[in-house]
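Here is upload-v5.txt, consisting of compact mmCIF, C-alpha atoms:
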```
# COMPACT_ATOMS: atom_id res chain seq x y z
CA MET A 751 125.39 82.02 138.39
CA LYS A 752 128.57 84.06 138.05
CA LYS A 753 128.95 87.42 139.80
CA SER A 754 132.01 89.67 139.50
CA VAL A 755 132.52 92.42 142.05
CA LEU A 756 135.21 95.09 142.05
CA LEU A 757 136.26 95.98 145.58
CA THR A 758 138.02 99.30 145.21
CA ALA A 759 139.11 102.24 147.33
CA VAL A 760 141.73 104.91 147.57
CA ALA A 761 145.16 103.94 148.89
CA GLY A 762 145.19 103.13 152.59
CA SER A 763 141.55 102.06 152.80
CA GLY A 764 142.26 98.36 153.28
CA LYS A 765 141.78 96.69 149.88
CA SER A 766 144.60 94.15 150.28
CA THR A 767 143.84 93.49 153.94
CA THR A 768 140.14 92.97 153.18
CA CYS A 769 141.06 90.69 150.26
CA ARG A 770 143.06 88.44 152.60
CA ALA A 771 140.16 88.41 155.09
CA LEU A 772 137.72 87.47 152.30
CA GLN A 773 140.02 84.61 151.27
CA GLN A 774 140.15 83.41 154.89
CA LEU A 775 136.34 83.31 154.84
CA GLY A 776 136.48 81.07 151.77
CA ILE A 777 135.43 83.76 149.28
CA ASN A 778 137.00 83.65 145.82
CA ALA A 779 138.88 86.96 146.10
CA HIS A 780 141.91 88.23 144.18
CA ASP A 781 144.29 91.12 144.84
CA ILE A 782 144.35 92.18 141.20
CA GLU A 783 147.14 94.73 141.67
CA THR A 784 149.52 91.80 142.16
CA ILE A 785 148.61 90.00 138.92
CA PRO A 786 151.54 90.35 136.48
CA GLY A 787 150.67 92.26 133.31
CA LEU A 788 147.23 93.46 134.43
CA TYR A 789 148.41 96.97 135.30
CA GLU A 790 150.82 99.49 133.86
CA LEU A 791 152.08 102.93 134.72
CA VAL A 792 151.12 105.53 132.13
CA ASP A 793 152.24 109.15 131.76
CA GLU A 794 148.86 110.89 131.60
CA ARG A 795 150.20 113.69 129.39
CA THR A 796 151.88 111.55 126.73
CA GLY A 797 150.11 108.20 127.13
CA GLN A 798 153.55 106.56 127.24
CA VAL A 799 153.88 103.38 129.31
CA LEU A 800 156.51 103.83 132.01
CA PRO A 801 158.68 101.26 133.77
CA GLY A 802 158.04 100.43 137.41
CA GLY A 803 155.24 99.50 139.74
CA MET A 804 152.67 101.30 141.80
CA ASP A 805 155.40 102.70 144.06
CA GLN A 806 156.20 105.02 141.12
CA ILE A 807 152.75 106.66 141.07
CA THR A 808 152.91 110.44 141.39
CA ASP A 809 150.86 113.33 140.15
CA GLY A 810 150.73 112.94 136.35
CA VAL A 811 151.33 109.18 136.41
CA GLU A 812 148.37 106.82 136.25
CA TRP A 813 148.08 103.23 137.52
CA ARG A 814 145.93 101.76 134.75
CA CYS A 815 144.21 98.38 134.63
CA ASN A 816 144.04 96.74 131.21
CA LYS A 817 140.30 96.41 130.54
CA ALA A 818 140.59 93.57 128.02
CA LYS A 819 142.79 91.52 130.37
CA MET A 820 140.44 92.22 133.27
CA LYS A 821 137.45 91.07 131.21
CA ALA A 822 139.31 87.89 130.23
CA LEU A 823 140.07 87.21 133.90
CA ILE A 824 136.39 87.65 134.79
CA ASP A 825 135.27 85.46 131.88
CA ALA A 826 137.61 82.67 133.06
CA ALA A 827 136.33 82.78 136.66
CA PRO A 828 134.27 79.91 138.04
CA GLN A 829 130.57 80.17 138.77
CA GLY A 830 129.61 82.00 141.94
CA LEU A 831 130.88 85.17 143.54
CA THR A 832 134.36 86.44 142.70
CA ILE A 833 135.66 89.64 144.27
CA TYR A 834 138.46 91.51 142.52
CA CYS A 835 140.27 93.80 144.97
CA GLY A 836 142.27 96.73 143.67
CA GLY A 837 142.45 100.36 142.80
CA MET A 838 143.18 101.95 139.44
CA SER A 839 143.34 105.37 137.85
CA ASN A 840 140.94 104.32 135.09
CA THR A 841 138.15 102.90 137.25
CA ASP A 842 135.52 104.66 135.14
CA GLU A 843 136.76 102.89 131.98
CA VAL A 844 136.83 99.42 133.58
CA TRP A 845 133.70 99.75 135.75
CA ASP A 846 131.33 98.17 133.21
CA VAL A 847 133.11 94.78 133.09
CA PHE A 848 131.96 94.14 136.67
CA ASP A 849 128.48 93.21 137.83
CA GLN A 850 128.89 95.42 140.90
CA VAL A 851 131.36 97.83 142.48
CA VAL A 852 131.86 98.02 146.23
CA MET A 853 134.09 100.74 147.64
CA LEU A 854 135.79 100.79 151.00
CA THR A 855 135.70 104.10 152.82
CA VAL A 856 137.68 105.36 155.80
CA SER A 857 138.22 108.73 157.39
CA ASP A 858 141.04 110.99 156.25
CA ASP A 859 142.75 110.36 159.60
CA THR A 860 142.60 106.58 159.08
CA THR A 861 143.89 106.96 155.51
CA SER A 862 146.87 108.99 156.73
CA LYS A 863 147.63 106.64 159.61
CA ARG A 864 147.46 103.51 157.46
CA LEU A 865 149.62 104.98 154.71
CA ALA A 866 152.15 106.17 157.28
CA THR A 867 152.71 102.53 158.36
CA ARG A 868 153.85 101.48 154.88
CA LYS A 869 157.46 100.54 154.30
CA GLN A 870 159.81 103.08 152.78
CA GLY A 871 159.46 103.01 148.99
CA GLU A 872 155.86 101.76 149.01
CA PHE A 873 153.19 104.05 147.60
CA GLY A 874 151.83 106.27 150.33
CA SER A 875 154.85 105.96 152.61
CA THR A 876 155.87 109.60 152.19
CA GLN A 877 154.10 112.67 153.55
CA GLU A 878 153.94 113.99 149.98
CA ASN A 879 152.07 110.83 148.82
CA ARG A 880 149.64 111.02 151.74
CA GLU A 881 148.83 114.67 151.10
CA TRP A 882 148.34 113.94 147.39
CA VAL A 883 145.94 111.05 148.10
CA LEU A 884 143.92 113.20 150.50
CA SER A 885 143.76 116.01 147.91
CA TRP A 886 141.58 113.90 145.56
CA LYS A 887 140.11 111.23 147.86
CA HIS A 888 136.70 112.86 148.42
CA ASP A 889 136.10 113.71 144.75
CA VAL A 890 136.91 110.15 143.67
CA GLU A 891 134.67 108.60 146.32
CA GLN A 892 131.83 110.97 145.44
CA GLY A 893 132.17 110.02 141.76
CA TRP A 894 132.04 106.30 142.58
CA ARG A 895 128.91 106.79 144.66
CA ALA A 896 127.29 108.77 141.84
CA SER A 897 128.11 105.90 139.46
CA GLY A 898 126.39 103.35 141.71
CA GLY A 899 129.26 102.16 143.89
CA VAL A 900 128.17 100.67 147.20
CA ALA A 901 130.10 102.20 150.12
CA VAL A 902 131.29 99.98 152.97
CA SER A 903 133.11 101.40 155.98
CA ALA A 904 136.51 99.80 156.50
CA GLU A 905 137.00 101.24 159.98
CA LYS A 906 136.34 97.87 161.68
CA SER A 907 138.46 94.72 161.92
CA PRO A 908 139.37 93.04 158.61
CA VAL A 909 137.02 90.11 159.25
CA GLU A 910 134.14 92.45 160.08
CA VAL A 911 134.84 94.47 156.94
CA ALA A 912 134.95 91.27 154.86
CA HIS A 913 131.53 90.27 156.20
CA LEU A 914 130.17 93.74 155.35
CA VAL A 915 131.57 93.46 151.82
CA VAL A 916 129.94 90.06 151.28
CA ALA A 917 126.64 91.41 152.62
CA ALA A 918 126.86 94.35 150.20
CA THR A 919 127.12 91.93 147.27
CA MET A 920 123.82 90.20 148.11
```
As structure tokens:
Amino acid sequence: MKKSVLLTAVAGSGKSTTCRALQQLGINAHDIETIPGLYELVDERTGQVLPGGMDQITDGVEWRCNKAKMKALIDAAPQGLTIYCGGMSNTDEVWDVFDQVVMLTVSDDTTSKRLATRKQGEFGSTQENREWVLSWKHDVEQGWRASGGVAVSAEKSPVEVAHLVVAATM
């Protein structure tokens, strides 16, 4: 039986780190934000596709996952559990291609601290980015919960978080 799970969270919650820990546990997990052509930057006012990567995300610019390409990726996956790790501005539009959505949660303090460790030029590395993320973090998480997302705390070690994510998919 095939099961597709979206592991999502706001920036700084540990999606990529948890993905690597899942892979180390032998779980079929993919950091989907690194898959060429799956995402694009979109000006939310004009709908125009913009050049650049997620480091160019600002207020008014969305990081959108292509739903048709995501569905094709899921359809091509082998039997068993596959966890797709990544965030996107259009989560609500892509949600239904997954069998389940698990969301990582961390405190605002942890979000700020983790983002502050990012290299210059990476999304979240500036104080402005961190404040922006925190301005919408709670509303987004509340919406995901209301839509059936399963919350998993990512305040523990990556391996512990990976085990919690796998348990949440059972």
**Q.** Point-to-point distance in Å for atom CA of A:Lys753 and atom CA of A:Val900
**A.** 15.2 Å
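Taking all atoms listed in the file into account, A:Glu812 lies nearest to A:Leu791 out of the set A:Gln829, A:Gln798, A:Leu791, A:Val844.
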Q. If you count all atoms listed in the file, which residues fall within 10 Å of A:Ile777, apart from same-chain ones fewer than 4 positions away, as a ChimeraX atom specification?
A. /A:769-773,830-833,912,916
**Q.** Pick from A:Glu783, A:Glu891, A:Asp793, A:Glu843 nearest to A:Ala759, counting only C-alpha atoms
**A.** A:Glu891
Q | All residues 10 Å or closer to A:Gly837, only C-alpha atoms, same chain fewer than 2 positions away omitted, as a PyMOL selection string | A | chain A and resi 756-761+765-766+781-783+813-815+834-835+839-841+853
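Shell of A:Leu914 at 9 Å, with only C-alpha atoms counted and residues fewer than 3 places along the chain excluded, is Val902, Ser903, Ala904, Val909, Glu910, Val911, Ala917, Ala918 and Thr919 of chain A.
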Q. Do you have the atom CA of A:His913-atom CA of A:Thr855 distance handy?
A.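 Distance reported for this atom pair: 14.8 Å.
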Q. Which is closest to A:Glu790 among A:Leu884, A:Val811, A:Leu865, A:Val852, if we use all atoms listed in the file?
A. A:Val811
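Compared by their closest atoms to A:Arg880, and using all atoms listed in the file, the residues A:Gly893, A:Gly762, A:Pro828, A:Phe848 rank with A:Gly762 nearest.
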Q.
Could you tell me how far atom CA of A:His780 sits from atom CA of A:Thr860, in Å to one decimal place?
A.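 Distance reported for this atom pair: 23.6 Å.
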Q | For A:Val856, the nearest of the candidates A:Asn778, A:Gln892, A:Ser875, A:Ser763, counting only C-alpha atoms | A |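 Smallest separation from A:Val856 among the options: A:Ser763.
Using all atoms listed in the file for every distance, the candidate list A:Lys821, A:Arg895, A:Lys752, A:Arg795 yields A:Lys821 as the residue closest to A:Asp846.
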